Amino acid sequence: MPQRRADRTAGHPGTRLTAAAVVATASPLVVALTGPVQAEAATAVPQVIPAPASMRTVPGKSFTLTRATKIVVASRSRDAAGVATFLAGLVRPSTGYRLPVVSGPAGSPHAISLRLTSAAGLGTEGYRLDVTGGGVQIQAATAAGLFYGVQTLRQLLPAKVEARSVRPGPWTVPSVHIADQPRFTWRGAMLDVSRHFFTVDETKRYIDEVSLYKINVLHLHLSDDQGWRIAINGWPRLATYGGSTEVGGGQGGYYTQAQYKDIVAYAKKHFITVVPEIDTPSHTNAALASYADLNCDGKAPPLYTGTNVGFSSLCVDKDITYRFLNDVIGELAKLTPGSYVHIGGDEAHSTPLADYVKFIDRLQPIVHAHGKNVIGWNEIAQADVKPGPATLAQNWSIADGTKPVSNALATAAVQKGVQLVLAPANHAYLDMQYDKDSPYGLHWAGYVSVQKSYQWDPTTIFTGVTEKDVRGVEAPIWSETLTKIHEVEYMAFPRLPGIAEIGWSRQQGRSWDEYRTRLAAQGPRWTALGVNFYHSPEIPWDQAG
Ligand code: NGO
C-alpha cells in the first residue's frame with residue numbers, strides 16, 4: 001500500500017485543509033493536537049469509504065482493542081446503548097471478545113466511548129471520531145451519527161474483523177482524528193424485488209452490506225409487470241396471483257406484511273429508511289392480471305415473464321383505479337415509518353400524456369392523504385406535481401459525466417422547486433454490465449465501468465441544477481438478469497461504494513487514481529464478509545494490505 005503524508009488532513013487526497021480550516025471545524029481536542037500532528041513523519045492514511053470530511057492521523061500511535069476493552073455510554077442513553085450493542089455484536093465473531101456495554105464517563109481508559117452531544121456541531125448525521133493510545137471516542141448529535149462513526153471505526157480495524165469466525169489479533173486501530181458529515185441527506189440503494197424476488201434474508205444481507213458505506217435509504221421496487229411483491233389485505237390476489245411468477249417464469253414470491261415490517265425494522269437498526277415503490281400507471285401488468293376490473297376493457301391480461309417495458313397501463317378514467325391505489329397506499333403507509341412513498345411514473349408509453357397528467361393529479365393527493373410525500377421517477381415532472389422540496393423527482397436520464405447537459409425533466413422539476421435524487425443510468429445503474437464480458441446485467445445505457453460509476457458530480461451533470469436542487473443520489477439495481485443475492489453483490493461491489501461516496505463526501509479534490517487504491521482496501525473486507533464482488537481489473541487489489 002502506498003505511503004502517504006501524515007499531515008494530509010482531508011479524506012480526499014489533494015484536499016488539504018489548511019491548519020486554519022482544521023481549527024475552524026475541530027473539537028478542542030483536535031485543535032490541541034494540530035501542531036504536533038503536523039510535525040510528525042509519514043504514515044499510511046487509513047482507507048475509509050466514503051472519504052471523511054476531515055481526517056488527520058497521528059503516526060506511531062494506535063489503540064488496540066482487547067478482551068478488556070469496554071464500550072462506554074452515558075447512563076440512561078438508550079440510543080447510544082443501541083449503537084454500542086451493535087458495535088459489540090459486530091466485532092464479537094472475529095475477535096471472540098464479548099465487549100460489555102457499560103455506562104460511564106466519556107474518555108474512560110481502554111474504552112470505546114459513544115457519546116450523544118449537541119456540541120459535536122456536525123449536523124444530524126455527522127460525527128467526531130478520536131482514536132488515541134488510551135481509547136476511542138465517538139461523539140455525535142444523534143444515534144445515526146454514532147452509527148456512522150462506528151462504520152468508520154469498523155474500516156479502521158483490520159479487514160479480518162469482518163470474519164464470522166474467530167481470528168487471531170491484534171485488533172489495532174491507527175490513531176486518527178476525524179470530523180465528518182455528509183454532503184447529501186438522501187444516499188440511496190434501490191433493489192428491484194419484482195423482476196426477480198429476493199427473500200427477507202437476502203434483502204437483509206443487502207442492508208448489512210450497503211450500511212457499511214453509510215447508505216441511509218433502501219428504495220424497494222415492490223411492483224412491476226412481472227410481479228407484485230407485497231401482501232395487501234384488501235386486494236389479496238395482488239400477491240397470491242400477481243406475485244406468483246417472475247422474469248423467466250420462476251416461482252416469484254412476495255413479502256407478507258409482517259415480513260415487510262421486519263425488513264423495515266432491520267433497516268431502521270442500520271439507520272436506513274425504507275422507501276416502498278408501487279410503480280404506476282405503467283409497469284402494472286401483475287396488478288392488471290390479478291384484478292380484471294382494473295382494466296379499461298374489464299379483461300385481465302395473462303401474467304408476464306418477459307422483459308419489455310411500457311406496454312401496461314392502469315385505467316385512468318375508472319374510479320376503481322383510485323380506490324385500489326388508495327387501499328394499497330393506505331396499507332403501505334401504515335407499515336412504513338419513512339415519510340416517502342415512491343409512485344413510479346416511468347415509461348408510461350401506453351398512457352397518453354394528457355391521461356398521465358390526469359392520473360398523477362389524482363394519485364398525488366392520495367399519497368398526501370395518507371401522510372406521506374411523493375417521490376417518482378423524473379417523468380412525473382411532466383405532471384402538476386406539488387411544488388416545493390417535499391416532492392422528489394428521481395432522475396435516471398443518461399448524463400455526460402464530463403460536462404453539464406440540458407435535461408428537460410430536470411429543468412421542469414427544478415422550476416417547481418422539486419428536489420432531485422440523481423441516479424443517472426450510465427453512471428449509477430448497478431444493473432448495467434461492467435463491460436461486454438460481464439456475465440449478468442444489461443447495457444442499454446452503455447457499459448458502466450467502476451471508474452464511470454465514480455466519475456460524476458450530482459451538481460454538474462445537468463445545466464441549471466445546483467447543490468440546493470439536489471436531495472441526494474441513488475444506486476438502483478434492476479433485476480431482469482439477477483436471480484440471487486450473490487449476483488446482486490457482483491453488480492454492486494465494487495461500484496456501490498463509489499455512489500455512496502458521491503452522496504456523502506465533498507466533490508472537491510476527488511480523484512479516481514486515489515480512490516481506486518482506497519477501494520482496493522475494501523477487497524479483503526468483502527472476502528472476509530463473503531461478499532461476491534467483481535475483481536475488476538481497474539482496481540489494484542494486490543496493493544491492499
Ligand atoms: C429503466 C426502467 C426499468 C428497467 C431499468 C433497467 C427505469 C426508471 N425504468 O429504469 O423498468 O428495469 O431501466 O435498467
# chains A, B, ... in the order shown; residues from 1 in each chain; ligands from 1
>>> select_by_dssp(residues="region 158-392 of chain A", states="alpha helix (DSSP H)", output="PyMOL selection string")
chain A and resi 200-211+237-240+257-269+285-290+319-335+353-369
>>> residues_near_ligand(ligand="ligand 1", cutoff="8 Å", atoms="only C-alpha atoms and all ligand atoms", output="list in words")
Asp192, Arg195, Asp224, His283, Thr307, Val309, Gly344, Asp346, Glu347, Trp377, Trp396, Ala425, Tyr429, Asp431, Met432, Leu442, His443, Trp444, Ala445, Ile477, Trp478, Ser479 and Glu480 of chain A
>>> residues_around(residues="Thr483 (chain A)", least_positions_apart="2", cutoff="9 Å", atoms="only C-alpha atoms", output="ChimeraX atom specification")
/A:195-198,479-481,485-488
>>> residues_around(residues="Ile380 (chain A)", least_positions_apart="3", cutoff="10 Å", atoms="only C-alpha atoms", output="count of residues only")
21
>>> closest_atom_pairs(of="region 361-456 of chain A", to="region 501-517 of chain A", cutoff="12 Å", atoms="only C-alpha atoms", output="JSON lines")
{"residue": "A:Val421", "atom": "CA", "partner": "A:Gly503", "partner_atom": "CA", "distance": 10.2}
{"residue": "A:Leu422", "atom": "CA", "partner": "A:Gly503", "partner_atom": "CA", "distance": 9.7}
{"residue": "A:Ala423", "atom": "CA", "partner": "A:Gly503", "partner_atom": "CA", "distance": 10.9}
{"residue": "A:His427", "atom": "CA", "partner": "A:Ile502", "partner_atom": "CA", "distance": 11.3}
{"residue": "A:Ala428", "atom": "CA", "partner": "A:Ile502", "partner_atom": "CA", "distance": 10.3}
{"residue": "A:Val450", "atom": "CA", "partner": "A:Arg516", "partner_atom": "CA", "distance": 8.9}
{"residue": "A:Gln451", "atom": "CA", "partner": "A:Trp512", "partner_atom": "CA", "distance": 6.9}
{"residue": "A:Lys452", "atom": "CA", "partner": "A:Trp512", "partner_atom": "CA", "distance": 9.6}
{"residue": "A:Ser453", "atom": "CA", "partner": "A:Ile502", "partner_atom": "CA", "distance": 9.7}
{"residue": "A:Tyr454", "atom": "CA", "partner": "A:Ile502", "partner_atom": "CA", "distance": 7.4}
{"residue": "A:Gln455", "atom": "CA", "partner": "A:Trp512", "partner_atom": "CA", "distance": 7.3}
{"residue": "A:Trp456", "atom": "CA", "partner": "A:Ile502", "partner_atom": "CA", "distance": 8.0}
>>> write_last_selection(atoms="C-alpha atoms", output="mmCIF file, in the first residue's frame")
data_model
loop_
_atom_site.group_PDB
_atom_site.id
_atom_site.type_symbol
_atom_site.label_atom_id
_atom_site.label_comp_id
_atom_site.auth_asym_id
_atom_site.auth_seq_id
_atom_site.Cartn_x
_atom_site.Cartn_y
_atom_site.Cartn_z
ATOM 1 C CA VAL A 421 -32.496 12.395 -6.450
ATOM 2 C CA LEU A 422 -29.885 11.621 -9.064
ATOM 3 C CA ALA A 423 -29.417 8.155 -10.483
ATOM 4 C CA HIS A 427 -23.193 6.088 -14.072
ATOM 5 C CA ALA A 428 -25.367 4.930 -11.184
ATOM 6 C CA VAL A 450 -16.062 1.156 -11.888
ATOM 7 C CA GLN A 451 -14.394 4.387 -12.987
ATOM 8 C CA LYS A 452 -17.509 5.555 -14.822
ATOM 9 C CA SER A 453 -19.707 4.860 -11.809
ATOM 10 C CA TYR A 454 -17.407 7.021 -9.692
ATOM 11 C CA GLN A 455 -16.683 9.905 -12.020
ATOM 12 C CA TRP A 456 -19.691 12.212 -11.946
#
>>> atom_distance(atom1="CA of Asp201 (chain A)", atom2="CA of Ser94 (chain A)")
21.5 Å
>>> closest_residue(among="A:Phe493, A:Tyr304, A:Tyr148, A:Tyr440", to="His535 (chain A)", atoms="only C-alpha atoms")
A:Phe493
>>> atom_distance(atom1="CA of Thr124 (chain A)", atom2="CA of Val73 (chain A)")
18.9 Å
>>> residues_around(residues="Val531 (chain A)", least_positions_apart="5", cutoff="12 Å", atoms="only C-alpha atoms", output="PyMOL selection string")
chain A and resi 162-163+205-206+208-210+485-494+522-526
>>> write_last_selection(atoms="N, CA and C atoms", output="mmCIF file, in the first residue's frame")
data_model
loop_
_atom_site.group_PDB
_atom_site.id
_atom_site.type_symbol
_atom_site.label_atom_id
_atom_site.label_comp_id
_atom_site.auth_asym_id
_atom_site.auth_seq_id
_atom_site.Cartn_x
_atom_site.Cartn_y
_atom_site.Cartn_z
ATOM 1 N N GLU A 162 -14.122 -8.447 9.918
ATOM 2 C CA GLU A 162 -15.393 -8.795 9.274
ATOM 3 C C GLU A 162 -15.648 -10.300 9.232
ATOM 4 N N ALA A 163 -14.639 -11.097 9.592
ATOM 5 C CA ALA A 163 -14.805 -12.555 9.516
ATOM 6 C C ALA A 163 -15.871 -13.008 10.506
ATOM 7 N N ARG A 205 -29.392 -9.069 4.029
ATOM 8 C CA ARG A 205 -27.958 -9.166 3.726
ATOM 9 C C ARG A 205 -27.515 -7.923 2.938
ATOM 10 N N TYR A 206 -28.354 -7.507 2.005
ATOM 11 C CA TYR A 206 -28.003 -6.314 1.222
ATOM 12 C C TYR A 206 -27.971 -5.073 2.130
ATOM 13 N N ASP A 208 -27.154 -5.066 5.287
ATOM 14 C CA ASP A 208 -25.861 -5.153 6.000
ATOM 15 C C ASP A 208 -24.744 -4.571 5.133
ATOM 16 N N GLU A 209 -24.736 -4.984 3.881
ATOM 17 C CA GLU A 209 -23.613 -4.619 3.014
ATOM 18 C C GLU A 209 -23.595 -3.137 2.671
ATOM 19 N N VAL A 210 -24.758 -2.556 2.405
ATOM 20 C CA VAL A 210 -24.755 -1.144 1.996
ATOM 21 C C VAL A 210 -24.578 -0.221 3.206
ATOM 22 N N ILE A 485 -29.014 -13.197 -4.577
ATOM 23 C CA ILE A 485 -28.340 -12.058 -3.980
ATOM 24 C C ILE A 485 -26.837 -12.043 -4.315
ATOM 25 N N HIS A 486 -26.230 -13.209 -4.536
ATOM 26 C CA HIS A 486 -24.795 -13.169 -4.864
ATOM 27 C C HIS A 486 -24.568 -12.541 -6.240
ATOM 28 N N GLU A 487 -25.584 -12.599 -7.103
ATOM 29 C CA GLU A 487 -25.452 -11.910 -8.399
ATOM 30 C C GLU A 487 -25.629 -10.402 -8.217
ATOM 31 N N VAL A 488 -26.531 -10.021 -7.316
ATOM 32 C CA VAL A 488 -26.702 -8.605 -6.968
ATOM 33 C C VAL A 488 -25.371 -8.059 -6.410
ATOM 34 N N GLU A 489 -24.758 -8.847 -5.538
ATOM 35 C CA GLU A 489 -23.477 -8.417 -4.943
ATOM 36 C C GLU A 489 -22.418 -8.196 -6.013
ATOM 37 N N TYR A 490 -22.391 -9.085 -6.977
ATOM 38 C CA TYR A 490 -21.388 -8.984 -8.043
ATOM 39 C C TYR A 490 -21.538 -7.669 -8.818
ATOM 40 N N MET A 491 -22.780 -7.211 -8.969
ATOM 41 C CA MET A 491 -23.014 -5.964 -9.688
ATOM 42 C C MET A 491 -22.793 -4.741 -8.782
ATOM 43 N N ALA A 492 -23.100 -4.889 -7.502
ATOM 44 C CA ALA A 492 -22.996 -3.743 -6.575
ATOM 45 C C ALA A 492 -21.564 -3.489 -6.132
ATOM 46 N N PHE A 493 -20.805 -4.565 -5.998
ATOM 47 C CA PHE A 493 -19.447 -4.394 -5.480
ATOM 48 C C PHE A 493 -18.448 -4.756 -6.556
ATOM 49 N N PRO A 494 -17.575 -3.844 -6.958
ATOM 50 C CA PRO A 494 -17.174 -2.656 -6.189
ATOM 51 C C PRO A 494 -17.790 -1.317 -6.606
ATOM 52 N N GLN A 522 -10.963 -2.350 0.308
ATOM 53 C CA GLN A 522 -12.239 -2.962 0.699
ATOM 54 C C GLN A 522 -12.288 -4.445 0.311
ATOM 55 N N GLY A 523 -11.442 -4.839 -0.655
ATOM 56 C CA GLY A 523 -11.479 -6.222 -1.147
ATOM 57 C C GLY A 523 -11.369 -7.253 -0.021
ATOM 58 N N PRO A 524 -10.328 -7.146 0.826
ATOM 59 C CA PRO A 524 -10.201 -8.137 1.916
ATOM 60 C C PRO A 524 -11.399 -8.120 2.876
ATOM 61 N N ARG A 525 -12.040 -6.962 3.023
ATOM 62 C CA ARG A 525 -13.243 -6.897 3.882
ATOM 63 C C ARG A 525 -14.362 -7.725 3.255
ATOM 64 N N TRP A 526 -14.572 -7.545 1.956
ATOM 65 C CA TRP A 526 -15.635 -8.293 1.277
ATOM 66 C C TRP A 526 -15.329 -9.784 1.303
#
>>> closest_residue(among="A:Thr142, A:Ala500, A:Trp228, A:Leu191", to="Leu482 (chain A)", atoms="only C-alpha atoms")
A:Leu191
